[in-house]
Structures are given as C-alpha cells and as structure tokens.
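Before any comments, here is the structure.
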Amino acid sequence: MNASRRQETGDSVTGFWHARPFPLVAILAIPAAAAAGSLLDGTASWIVAFGAAAIGVTAALASTGRAQAGAAGIPAPTAAAPNANESVLRRAIEVRCAERTAILENLADAVMLVDGHGETRFANRIASDMLGESAAIAGTRAAIEALPTQVLRAVQGVAAARAGDRRRIECELQNKDKMPVVITVASVKNGDDALATIVVRNVRAEREADLMKSDFVAKASHELRTPLTFLRASAEMFADGEVTDPTERVKFAKDMLGETARLEALVNKMLDISRIESGLARAKFEPVNFVALVDECVNLQQAEALRRRMALSVSRRSAGTIAPADHDLMKQVMLNLLSNALKYTPDGGTISVEVDIDNLARSVVVSVRDNGLGVPEHALPQLFGKFYRVEGHEKVAKGTGLGLNLCLNIVEAMHGGQIGVDSQVGVGSRFWFAIPLEQAGRKAA
Amino acid sequence: MNMHDNTKAESSPARILVVDDEVYILQVVALKLRNAGLEVECAGDGDEAFTLLKGKSFDLVVTDLQMPVMTGIELARMMAKEPALANIPVLMLTARGHTLRDGEADSVNIARVMQKPFSPRALLVEVLELLNPSQIQSASQAA
C-alpha cells in the first residue's frame with residue numbers, strides 16, 4: 001500500500017522527465033546526498049551534496065559512453081542530441097534515481113523533501129511509519145501536519161534563507177507514544193524552487209540510555225553518601241575530642257575502617273562494571289579447573305562459616321569441568337556468591353556447592369545452595385540489577401548492591417555464559433552460573 | 001531523674017528521639033547530643049520510633065528521610081495525626097539532592113531539614129535552637 005503510493009510519486013516524477021530532465025535528477029539526487037551527508041557526519045555541506053548529485057549525473061553519463069557530453073561533466077540538455085543516446089542516458093539516470101531512492105528507503109531516519117509551504121515532494125518509508133501512511137503522498141501537507149508546528153516554521157525559515165541554512169529541533173512526536181526525536185530541517189535551493197529537507201531521527205534509545213546513566217549516578221551517590229556521612233561525622237567527633245571513652249574510641253575507629261573498606265569496595269565494583277560495560281575489560285582466557293577453583297574459594301570462606309557454625313561444603317565434583325575462562329574473574333564470581341550465601345543464611349545454616357557439566361548446553365555449571373532467607377518472587381527480576389537490595393535484607397547484612405550485577409557482567413558479557421537464581425522465601429536459594437566448555441575460537445586444554 | 005516520668009521537671013534535660021536505619025549514624029548523633037547533656041533515645045526505623053513516641057514524651061525528633069519500612073515523612077505524618085505528638089518539632093536529615101516535593105512537608109511539623117553528610121557540630125546547634133523556643137515558651141507560661 002505504501003509502495004504503491006510512492007510509485008505514484010515516482011510516476012509523476014518520470015512524467016516531468018521530458019520537460020525538465022536535469023532539475024529532476026538534482027531534486028532526487030541532492031536530497032539523497034544531503035540526507036546521507038547529514039546523517040553520516042552531521043555537517044551536510046550543501047556543496048558536498050550538490051557535488052554528489054553532479055557526480056551521480058556524471059557517472060550516469062560516463063556509463064552510457066557519453067563522456068564527450070559537456071566539459072564540466074554536466075551536459076546541457078539539447079534537442080539536437082540523438083534519440084538513441086538520449087534514451088540510454090535517460091535509462092542511466094533512472095538507474096541512478098532508483099539507487100538514490102533505495103538509499104533513502106533504507107535509512108533508519110525519516111527523510112522528507114518539502115516545499116516552502118510544507119507540501120511533500122518526497123517522503124521515505126520510515127517517514128510514513130513515523131508520521132502515518134498519508135505522509136508519503138506527494139503534493140499534500142500530511143507529513144508537515146503530523147509534525148510539531150515549529151517544524152513548519154523552520155521549513156518556512158530555511159526556505160526563505162540562503163542555501164545551507166539548517167535548524168535543529170528536539171521534540172516529541174504526538175502520535176507515536178511521544179517518541180523523542182531530533183528533527184533537522186535544511187534548505188534546498190533548486191533553481192527558483194525553495195525547498196527544505198526534513199530528517200526525523202528517533203532518539204528514544206539514546207534518551208533511555210541517558211536516563212539509565214543519571215539513575216546510576218543518583219543511586220551511586222546515595223550509596224557513597226552513607227559511609228561518607230558516618231566518616232565525616234566521626235572524624236569531626238574525634239577532632240573535637242568528643243570520643244573520650246577508650247572502648248568507644250576503639251569501636252569508632254574500627255567502624256570507620258569498616259566503612260572505608262565499604263567505600264573502597266563500592267568504588268572498585270563501580271569501576272569494574274563500567275570497564276566491562278564499556279568493553280574496556282577483557283577476560284584473560286585460560287583453561288580453568290572449576291573443581292579446584294571452587295575448592296579454593298570454599299576454603300577461603302571456611303573460617304567465616306565455622307565462626308557462624310555453618311556447614312559449608314562442596315557436595316558434587318563432576319569430572320571434566322574444565323573450561324576456558326578468566327581465573328581471577330571466576331574466583332570473584334564464586335566468592336561473591338559464597339559471601340552472599342553466608343550473609344543471608346542464619347547462623348547454623350547449610351551451604352553446599354555443586355560443580356556439574358551440562359552436556360546439552362555444553363557448559364560447566366556451578367551452583368551455590370543455601371537454606372537461608374530466600375528471595376521473594378517479585379524481587380527476582382531485579383536481583384541482578386545495579387544497586388538493588390531486597391527489602392529488609394539491608395538490615396541483615398551490609399552490601400554494595402553491585403555484587404550480583406558485577407557477577408552478571410563477568411559471566412554473561414565477558415564469558416558468554418549465564419547466571420541465575422531459583423529461590424523460595426524461608427526455604428533457601430540456589431544461585432548458579434554456567435560457563436561454556438568452548439569459547440569461540442578457544443578450546444579447553 | 002525519673003526516666004519513666006511523662007511530665008518532665010523544668011530542670012530535667014530535653015529528651016531527643018533519633019531515628020535512622022544506619023546504626024553508625026545513630027551512634028554518632030547519640031554521642032554528640034549526650035555529650036551536650038541531652039537525653040537521647042534511638043530507633044532503627046519509623047515503626048520503632050512511633051512506639052517509643054507513644055510511650056514517652058520527647059522534645060524533639062531527629063529523623064532520617066529515606067528509611068525502609070517507613071520514611072521520615074511518613075513518621076512525621078503519623079505524628080501530626082496524634083494530638084499528643086503533633087507539636088513535637090522534627091529535624092529531618094536528607095540526602096543532598098533530595099528535595100522535599102511540593103506539599104510533602106505540608107501539615108507536618110518539620111522544623112528543619114539538614115543535608116547528609118552533616119557536621120555533628122552544626123546538628124547540635126540546630127537541635128539547641130529548636131529546643132530553646134519551647135523552653136522560652138514554657139518559661140513564659142510558668143511566669
């Protein structure tokens with residue numbers, strides 16, 4: 001349906017051909033080049049666009065063997081040209097037109113060419129997707145009317161101005177769930193015609209990324225402030241000689257050290273996550289024996305488990321659980337899961353670790369089971385998010401709210417693995433992660 | 001001094017309730033105020049605070065804003081509904097950047113707002129300023 005409408009536009013264009021061959025090519029080629037230019041480098045020099053149009057025509061001529069036509073490469077259409085050559089030239093130019101149209105149709109942005117009154121000369125497919133089916137009908141004002149009114153004002157403004165004038169408008173489309181867009185309106189001079197190109201770019205993804213960033217900063221600063229508040233206040237108390245009791249002095253100092261450690265852990269995790277997310281951190285792959293790794297980590301946590309009369313053990317050690325991975329990062333994930341299990345399981349509880357092979361998925365699966373507090377179902381989807389703490393759990397143990405997000409990043413982004421949890425409140429949790437036995441281009445030794 | 005006496009004698013120290021979910025913050029604030037000769041009780045959340053408020057008389061409440069279970073604002077609202085508690089001034093500790101929304105502080109007795117991180121010295125100054133008017137008032141009533 002869309003296609004047939006644009007065909008109409010195309011037909012009316014070819015209908016003009018005999019009367020005004022070159023301006024027509026310019027109309028089609030110039031906005032294409034201008035649009036492509038503005039999208040590619042954001043500068044869209046009109047001269048470059050015109051040059052591209054000229055090159056398009058020259059190329060068309062060259063391919064027809066009419067290299068002799070015009071010293072500057074732009075021939076003057078003459079009635080004296082032989083009919084056979086003219087039809088070859090016409091065919092070549094039609095091919096170029098089709099190519100330009102194809103480029104416009106494949107752009108992810110809506111591109112329109114309108115006259116000074118806002119009547120559509122051309123609109124690509126994305127334009128009708130964004131602004132409605134009727135936006136693509138040439139000779140109507142459907143497209144301009146679907147846009148905020150400041151776009152028409154910009155069109156009138158640039159149409160009256162010199163060639164190369166550009167306006168940038170940031171707004172929301174009213175008909176498309178308030179799609180945030182950046183609209184660029186640029187003037188096009190074609191003989192006496194004062195036209196304008198309108199390029200509409202959907203910036204929802206960018207806006208959402210911005211929101212996520214500021215949300216991260218807000219949450220991070222909240223998490224940083226808590227230890228900072230205590231450290232600042234305590235330091236002042238010491239400076240003012242208010243902490244006089246010897247036992248109290250020791251307690252304050254120890255708490256200050258603890259909060260300093262928390263700040264340090266928080267900053268380190270934030271940096272680790274941001275390095276992974278920006279692609280700066282790369283895993284150093286080597287064959288990792290997961291049974292040995294798990295034993296090592298469990299031994300490291302054994303003292304804490306004993307102190308709290310907890311049974312911490314490795315209950316399954318499957319053979320062949322060797323996979324290419326970054327040893328230190330795997331250790332970090334393992335220690336994180338173990339420390340969470342210890343934190344959220346009451347004294348006297350049981351934690352068991354299993355190292356398995358999933359033959360179907362071709363991966364090593366490590367599970368940490370506890371009979372602790374468990375995670376309520378509503379919290380599960382957010383559990384691996386940044387700074388998420390299960391309600392009430394912050395009273396049980398201190399944490400940065402970043403540990404599981406870091407694990408997710410290490411396992412999934414850096415190793416192409418998977419991480420997950422099954423949990424039931426009051427019964428316990430099973431946190432697991434799976435690492436592929438083979439990385440692309442790497443094999444476990 | 002009788003700890004369980006609801007009607008305090010003129011000479012007895014002012015009694016402050018400090019509410020924060022961060023134990024460390026409670027510890028610092030309590031020490032600072034006690035060193036200044038004030039009587040301090042601590043609560044880890046709004047529920048606990050409200051129970052304490054109903055059991056004893058307090059001259060001032062110092063509370064954190066962002067707490068689980070019940071926020072500082074919710075605590076202040078509950079206090080505003082109780083005639084016996086409606087006149088107790090509340091000093092609210094908030095995170096920098098967190099401004100109270102329009103109407104949020106309406107109809108509640110939030111006398112001061114201080115941003116975290118805060119100086120215990122500055123907090124004590126605010127507390128003493130908030131306590132003074134009531135002392136002046138009670139002195140003038142007695143006269």
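Just so we're on the same page: first chain in the structure tokens is A, next is B, and so on; residues restart at 1 for each chain, and ligands are numbered from 1 in the order they show up.
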**Request:** Write down as an MDAnalysis selection string the residues belonging to region 339-426 of chain A that are assigned strand (DSSP E or B) by DSSP computed on the backbone.
**Result:** chainID A and resid 350:358 363:370 418:424
**Request:** For chain A, list the residues within 10 Å of chain B, counting only C-alpha atoms, and write the list as a PyMOL selection string.
**Result:** chain A and resi 218+221-222+225-237+240+242-244+248+252+255-256+259+391-392+394-395
**Prompt:** Could you name the residues that touch Thr51 (chain B) at 12 Å or less, counting only C-alpha atoms, but leaving out those on the same chain fewer than 6 positions away, as a PyMOL selection string?
**Reply:** chain B and resi 17+19+42-45+57+75+78-79+85
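Among the candidates B:Asn109, B:Val40, B:Leu60, B:Leu65, the residue lying nearest to Arg77 (chain B) is B:Asn109 (atoms considered: only C-alpha atoms).
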**Close residues, region 89-94 of chain B itself excluded, 8 Å, only C-alpha atoms, min 5 positions apart in chain, as a ChimeraX atom specification** = /B:59-66,72,76,109-116,127,130
**Message:** Need the shell around Tyr388 (chain A): protein/DNA/RNA residues with any atom at most 9 Å away, counting only C-alpha atoms. Skip same-chain ones fewer than 4 positions apart. Format as a PyMOL selection string?
**Reply:** chain A and resi 379+382-384+400-402+405
Those same residues, written as a compact mmCIF listing (two decimals), in the first residue's frame with C-alpha atoms?
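Result saved to out-v7.txt:
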# COMPACT_ATOMS: atom_id res chain seq x y z
CA ALA A 379 12.43 -9.25 43.70
CA GLN A 382 15.65 -7.04 39.68
CA LEU A 383 18.10 -9.07 41.72
CA PHE A 384 20.95 -8.73 39.22
CA THR A 400 27.06 -2.53 47.90
CA GLY A 401 24.09 -3.67 45.83
CA LEU A 402 26.55 -4.19 42.98
CA ASN A 405 25.43 -7.11 38.80
**Message:** I want to know what sits within 12 Å of Ala154 (chain A), based on only C-alpha atoms, with residues of the same chain fewer than 5 positions away left out; could you give that as a PyMOL selection string?
**Reply:** chain A and resi 114-118+144+147-149+159-161+165-169+183-187+195-198
How would the residues just picked look written out with C-alpha atoms as a compact mmCIF listing (two decimals), in the first residue's frame?
# COMPACT_ATOMS: atom_id res chain seq x y z
CA VAL A 114 9.04 19.61 1.18
CA ASP A 115 8.45 22.94 -0.47
CA GLY A 116 8.25 26.28 1.32
CA HIS A 117 4.55 25.69 2.10
CA GLY A 118 5.26 22.32 3.63
CA ILE A 144 4.20 18.53 7.90
CA LEU A 147 4.96 17.12 12.87
CA PRO A 148 5.05 19.73 15.65
CA THR A 149 4.25 23.23 14.36
CA ALA A 159 13.15 28.09 2.56
CA ALA A 160 13.45 31.87 2.80
CA ALA A 161 17.10 31.73 3.83
CA ASP A 165 20.68 27.04 6.36
CA ARG A 166 19.85 24.39 8.99
CA ARG A 167 17.61 24.22 12.03
CA ARG A 168 17.72 21.56 14.72
CA ILE A 169 14.59 20.81 16.73
CA ILE A 183 14.48 16.92 13.61
CA THR A 184 16.91 18.59 11.22
CA VAL A 185 15.47 20.99 8.67
CA ALA A 186 17.86 22.16 5.94
CA SER A 187 17.28 24.47 3.00
CA LEU A 195 12.70 23.56 -0.73
CA ALA A 196 13.67 22.00 2.56
CA THR A 197 14.74 18.55 3.68
CA ILE A 198 13.34 17.28 6.95
**Request:** Please return as an MDAnalysis selection string: the residues of region 141-369 of chain A that backbone DSSP assigns to helix (DSSP H, G or I).
**Result:** chainID A and resid 142:146 149:160 204:239 246:277 290:307 327:343
**Request:** Grab the CA of Thr71 (chain B) to CA of Gly46 (chain B) distance for me, in Å with one decimal place.
**Result:** 6.7 Å
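Here CA of Arg262 (chain A) stands at a distance of 20.8 Å from CA of Asp328 (chain A).
Between CA of Glu41 (chain B) and CA of Thr260 (chain A) lies a distance of 27.0 Å.
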**Request:** Fewer than 5 positions away in the same chain doesn't count, so skip those; otherwise give me all residues within 10 Å of Val314 (chain A), counting only C-alpha atoms, as a PyMOL selection string.
**Result:** chain A and resi 291+294-295+298+351-355+367-368
Output of the above residues as a CSV table (one decimal), in the first residue's frame, restricted to C-alpha atoms:
chain,number,residue,atom,x,y,z
A,291,VAL,CA,36.5,-28.1,40.9
A,294,VAL,CA,35.5,-24.0,43.9
A,295,ASP,CA,37.6,-25.8,46.5
A,298,VAL,CA,35.2,-22.6,49.8
A,351,ILE,CA,25.6,-24.1,52.2
A,352,SER,CA,26.6,-26.6,49.6
A,353,VAL,CA,28.3,-26.1,46.3
A,354,GLU,CA,28.0,-28.3,43.2
A,355,VAL,CA,30.2,-28.4,40.1
A,367,SER,CA,25.6,-23.9,41.9
A,368,VAL,CA,25.6,-22.5,45.4
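The residue that comes closest to Ile322 (chain A), out of A:Ala123, A:Val365, A:Val390, A:Leu373 and on the basis of only C-alpha atoms, is A:Val365.
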**Asked** With distances taken over only C-alpha atoms, which of B:Arg15, B:Leu38, B:Glu74, B:Leu33 is nearest to Phe50 (chain B)?
**Response**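 Of B:Arg15, B:Leu38, B:Glu74, B:Leu33, the one nearest Phe50 (chain B) is B:Glu74, counting only C-alpha atoms.
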**Prompt:** Using only C-alpha atoms, which of the listed residues (A:Asn336, A:Ser128, A:Thr140, A:Asn289) sits closest to Arg317 (chain A)?
**Reply:** A:Asn289
